[in-house]
Structure formats: structure tokens, C-alpha cells
$ cat my_file-v8.pdb   # PDB, C-alpha atoms, pLDDT in the B column
ATOM      1  CA  MET A   1     -45.235  58.446  61.139  1.00 51.00           C
ATOM      2  CA  PRO A   2     -46.379  58.492  57.503  1.00 56.00           C
ATOM      3  CA  SER A   3     -44.098  57.271  54.805  1.00 58.00           C
ATOM      4  CA  GLU A   4     -42.773  59.707  52.172  1.00 61.00           C
ATOM      5  CA  ASN A   5     -43.601  57.312  49.323  1.00 59.00           C
ATOM      6  CA  GLN A   6     -47.358  57.420  49.883  1.00 65.00           C
ATOM      7  CA  ASP A   7     -47.761  60.606  47.815  1.00 65.00           C
ATOM      8  CA  LEU A   8     -46.009  59.230  44.702  1.00 63.00           C
ATOM      9  CA  PRO A   9     -48.248  58.271  41.791  1.00 68.00           C
ATOM     10  CA  LYS A  10     -48.422  54.622  40.905  1.00 70.00           C
ATOM     11  CA  THR A  11     -46.908  53.763  37.528  1.00 71.00           C
ATOM     12  CA  GLN A  12     -48.321  50.973  35.485  1.00 68.00           C
ATOM     13  CA  THR A  13     -46.166  48.614  33.493  1.00 64.00           C
ATOM     14  CA  PRO A  14     -47.017  48.302  29.813  1.00 66.00           C
ATOM     15  CA  ASN A  15     -48.886  45.180  28.864  1.00 69.00           C
ATOM     16  CA  SER A  16     -46.563  42.689  27.212  1.00 64.00           C
ATOM     17  CA  PRO A  17     -47.925  40.407  24.503  1.00 70.00           C
ATOM     18  CA  LYS A  18     -48.931  37.029  25.796  1.00 76.00           C
ATOM     19  CA  LEU A  19     -46.770  34.318  24.263  1.00 71.00           C
ATOM     20  CA  PRO A  20     -48.027  30.732  24.109  1.00 84.00           C
ATOM     21  CA  ILE A  21     -44.582  29.572  25.361  1.00 80.00           C
ATOM     22  CA  PRO A  22     -42.905  31.266  28.337  1.00 83.00           C
ATOM     23  CA  SER A  23     -39.945  33.450  27.452  1.00 82.00           C
ATOM     24  CA  ASP A  24     -37.553  31.586  29.767  1.00 86.00           C
ATOM     25  CA  ILE A  25     -38.161  28.371  27.823  1.00 88.00           C
ATOM     26  CA  LEU A  26     -37.570  30.202  24.535  1.00 86.00           C
ATOM     27  CA  LEU A  27     -34.343  31.621  25.928  1.00 88.00           C
ATOM     28  CA  SER A  28     -33.135  28.207  27.049  1.00 89.00           C
ATOM     29  CA  LEU A  29     -33.964  26.722  23.629  1.00 90.00           C
ATOM     30  CA  ALA A  30     -32.028  29.510  21.898  1.00 90.00           C
ATOM     31  CA  ALA A  31     -28.956  29.007  24.098  1.00 93.00           C
ATOM     32  CA  LEU A  32     -28.082  25.550  22.761  1.00 93.00           C
ATOM     33  CA  PRO A  33     -27.780  26.567  19.076  1.00 94.00           C
ATOM     34  CA  MET A  34     -25.816  29.659  20.124  1.00 96.00           C
ATOM     35  CA  LEU A  35     -23.296  27.579  22.069  1.00 96.00           C
ATOM     36  CA  GLY A  36     -23.096  25.076  19.215  1.00 96.00           C
ATOM     37  CA  GLY A  37     -22.406  27.894  16.785  1.00 97.00           C
ATOM     38  CA  LEU A  38     -19.624  29.210  18.997  1.00 97.00           C
ATOM     39  CA  LEU A  39     -18.020  25.764  19.151  1.00 98.00           C
ATOM     40  CA  VAL A  40     -18.254  25.330  15.378  1.00 98.00           C
ATOM     41  CA  ALA A  41     -16.791  28.801  14.789  1.00 98.00           C
ATOM     42  CA  SER A  42     -13.927  28.087  17.173  1.00 98.00           C
ATOM     43  CA  SER A  43     -13.159  24.772  15.472  1.00 98.00           C
ATOM     44  CA  ALA A  44     -13.331  26.396  12.037  1.00 98.00           C
ATOM     45  CA  ALA A  45     -10.911  29.123  13.126  1.00 98.00           C
ATOM     46  CA  LYS A  46      -8.433  26.541  14.427  1.00 98.00           C
ATOM     47  CA  PHE A  47      -8.752  24.539  11.187  1.00 97.00           C
ATOM     48  CA  VAL A  48      -8.122  27.575   8.991  1.00 97.00           C
ATOM     49  CA  ALA A  49      -5.128  28.563  11.133  1.00 95.00           C
ATOM     50  CA  SER A  50      -3.646  25.078  10.818  1.00 94.00           C
ATOM     51  CA  ILE A  51      -4.097  25.170   7.037  1.00 93.00           C
ATOM     52  CA  GLY A  52      -2.259  28.488   6.996  1.00 91.00           C
ATOM     53  CA  VAL A  53       0.655  27.062   8.968  1.00 89.00           C
ATOM     54  CA  GLU A  54       0.881  24.007   6.700  1.00 87.00           C
ATOM     55  CA  SER A  55       0.829  26.131   3.549  1.00 85.00           C
ATOM     56  CA  GLU A  56       3.706  28.212   4.912  1.00 83.00           C
ATOM     57  CA  GLU A  57       5.672  24.995   5.420  1.00 76.00           C
ATOM     58  CA  VAL A  58       5.089  23.943   1.813  1.00 74.00           C
ATOM     59  CA  PHE A  59       6.107  27.325   0.409  1.00 75.00           C
ATOM     60  CA  ARG A  60       9.169  27.400   2.644  1.00 76.00           C
ATOM     61  CA  GLY A  61      10.303  24.136   1.124  1.00 65.00           C
ATOM     62  CA  SER A  62      11.062  22.207   4.285  1.00 61.00           C
ATOM     63  CA  ARG A  63       8.828  19.338   3.239  1.00 64.00           C
ATOM     64  CA  LEU A  64       9.879  19.177  -0.386  1.00 68.00           C
ATOM     65  CA  PRO A  65      12.149  16.311  -1.435  1.00 76.00           C
ATOM     66  CA  VAL A  66      15.836  16.960  -2.009  1.00 78.00           C
ATOM     67  CA  LEU A  67      16.654  16.813  -5.715  1.00 81.00           C
ATOM     68  CA  ASN A  68      20.105  15.503  -6.683  1.00 85.00           C
ATOM     69  CA  PHE A  69      21.229  17.295  -9.809  1.00 84.00           C
ATOM     70  CA  PRO A  70      24.070  15.725 -11.788  1.00 85.00           C
ATOM     71  CA  GLN A  71      27.293  17.704 -11.876  1.00 84.00           C
ATOM     72  CA  SER A  72      28.074  19.133 -15.259  1.00 81.00           C
ATOM     73  CA  GLN A  73      31.562  18.301 -16.650  1.00 78.00           C
ATOM     74  CA  LYS A  74      33.394  21.036 -18.499  1.00 67.00           C
TER      75      LYS A  74
END

$ encode --input "my_file-v8.pdb" --output "C-alpha cells"
Amino acid sequence: MPSENQDLPKTQTPNSPKLPIPSDILLSLAALPMLGGLLVASSAAKFVASIGVESEEVFRGSRLPVLNFPQSQK
């Protein structure tokens, strides 16, 4: 029994440029800086958020010293 796929034309894949280094090695070399960048961005976001929280504390006045004003006598 002949197969139905025998009459289909064969398609050719386009020729890709030949790289001196295989693409899987290039991909693995690009992954490390990408992960490092994500870690740095995450740390920077946490640092900026902590600065924001601390600045709110200063403007709220909870960390300011208590000033004792002398009572005026009238």
C-alpha cells in the first residue's frame, strides 16, 4: 500500500550562515550575563525601595530627636 506522502514535493531549508562558533555555545555564553543583569536589577530595586521607606521615616519625624522647648512665663 503506497503512502500518501510520496507525492508531496520536498522542501529545502534555507542555508544558514556558517558561524565559527556553534550557536548553542553562544547561547550559553549569553545566558550568564543575562542572569547577572537580572540579579543586579533585582538588588537595585530592593535598594531603591528601602531608601524610599527610610526617607518616609525621616519625613514622618519618628527618628528625629525630641526638642525640649522652655516654657514661656507670662

$ atom_distance --input "my_file-v8.pdb" --atom1 "CA of Arg60 (chain A)" --atom2 "CA of Val48 (chain A)"
18.4 Å

$ atom_distance --input "my_file-v8.pdb" --atom1 "CA of Phe47 (chain A)" --atom2 "CA of Met34 (chain A)"
19.9 Å

$ atom_distance --input "my_file-v8.pdb" --atom1 "CA of Ser50 (chain A)" --atom2 "CA of Gly37 (chain A)"
19.9 Å

$ decode --input "my_file-v8.pdb" --residues "region 32-44 of chain A" --atoms "all heavy atoms" --output "tab-separated table (two decimals), in the first residue's frame"
chain	number	residue	atom	x	y	z
A	32	LEU	N	24.71	33.74	31.00
A	32	LEU	CA	25.32	34.17	32.25
A	32	LEU	C	25.22	35.69	32.46
A	32	LEU	O	24.80	36.13	33.54
A	32	LEU	CB	26.77	33.70	32.33
A	32	LEU	CG	27.49	33.96	33.65
A	32	LEU	CD1	26.78	33.23	34.78
A	32	LEU	CD2	28.92	33.51	33.55
A	33	PRO	N	25.56	36.52	31.48
A	33	PRO	CA	25.38	37.97	31.70
A	33	PRO	C	23.91	38.36	31.87
A	33	PRO	O	23.59	39.29	32.62
A	33	PRO	CB	25.96	38.61	30.44
A	33	PRO	CG	26.86	37.60	29.86
A	33	PRO	CD	26.31	36.27	30.26
A	34	MET	N	23.01	37.64	31.20
A	34	MET	CA	21.59	37.94	31.34
A	34	MET	C	21.12	37.65	32.77
A	34	MET	O	20.41	38.46	33.38
A	34	MET	CB	20.77	37.11	30.35
A	34	MET	CG	19.29	37.36	30.41
A	34	MET	SD	18.83	39.02	29.94
A	34	MET	CE	19.05	38.93	28.20
A	35	LEU	N	21.51	36.52	33.31
A	35	LEU	CA	21.14	36.20	34.69
A	35	LEU	C	21.79	37.15	35.68
A	35	LEU	O	21.18	37.56	36.67
A	35	LEU	CB	21.53	34.75	35.02
A	35	LEU	CG	20.73	33.67	34.31
A	35	LEU	CD1	21.31	32.30	34.62
A	35	LEU	CD2	19.28	33.75	34.69
A	36	GLY	N	23.03	37.53	35.43
A	36	GLY	CA	23.70	38.51	36.29
A	36	GLY	C	22.99	39.85	36.26
A	36	GLY	O	22.83	40.50	37.29
A	37	GLY	N	22.56	40.26	35.08
A	37	GLY	CA	21.82	41.51	34.96
A	37	GLY	C	20.50	41.47	35.70
A	37	GLY	O	20.09	42.47	36.31
A	38	LEU	N	19.82	40.33	35.67
A	38	LEU	CA	18.57	40.20	36.41
A	38	LEU	C	18.80	40.28	37.91
A	38	LEU	O	18.02	40.91	38.64
A	38	LEU	CB	17.88	38.89	36.05
A	38	LEU	CG	17.25	38.82	34.66
A	38	LEU	CD1	16.76	37.41	34.37
A	38	LEU	CD2	16.12	39.81	34.55
A	39	LEU	N	19.88	39.66	38.39
A	39	LEU	CA	20.19	39.73	39.81
A	39	LEU	C	20.55	41.15	40.24
A	39	LEU	O	20.12	41.62	41.31
A	39	LEU	CB	21.34	38.78	40.15
A	39	LEU	CG	21.00	37.29	40.13
A	39	LEU	CD1	22.26	36.46	40.31
A	39	LEU	CD2	19.99	36.97	41.21
A	40	VAL	N	21.33	41.84	39.42
A	40	VAL	CA	21.70	43.23	39.74
A	40	VAL	C	20.46	44.13	39.73
A	40	VAL	O	20.29	44.98	40.61
A	40	VAL	CB	22.77	43.74	38.76
A	40	VAL	CG1	22.96	45.23	38.86
A	40	VAL	CG2	24.09	43.02	39.01
A	41	ALA	N	19.57	43.93	38.76
A	41	ALA	CA	18.36	44.75	38.69
A	41	ALA	C	17.46	44.49	39.89
A	41	ALA	O	16.86	45.42	40.45
A	41	ALA	CB	17.62	44.46	37.39
A	42	SER	N	17.37	43.23	40.31
A	42	SER	CA	16.55	42.91	41.47
A	42	SER	C	17.13	43.54	42.74
A	42	SER	O	16.39	44.11	43.55
A	42	SER	CB	16.48	41.39	41.63
A	42	SER	OG	15.82	41.05	42.82
A	43	SER	N	18.44	43.46	42.90
A	43	SER	CA	19.08	44.07	44.07
A	43	SER	C	18.93	45.59	44.05
A	43	SER	O	18.69	46.21	45.10
A	43	SER	CB	20.55	43.71	44.11
A	43	SER	OG	20.72	42.33	44.23
A	44	ALA	N	19.05	46.19	42.87
A	44	ALA	CA	18.89	47.64	42.77
A	44	ALA	C	17.47	48.06	43.11
A	44	ALA	O	17.25	49.08	43.78
A	44	ALA	CB	19.27	48.11	41.36
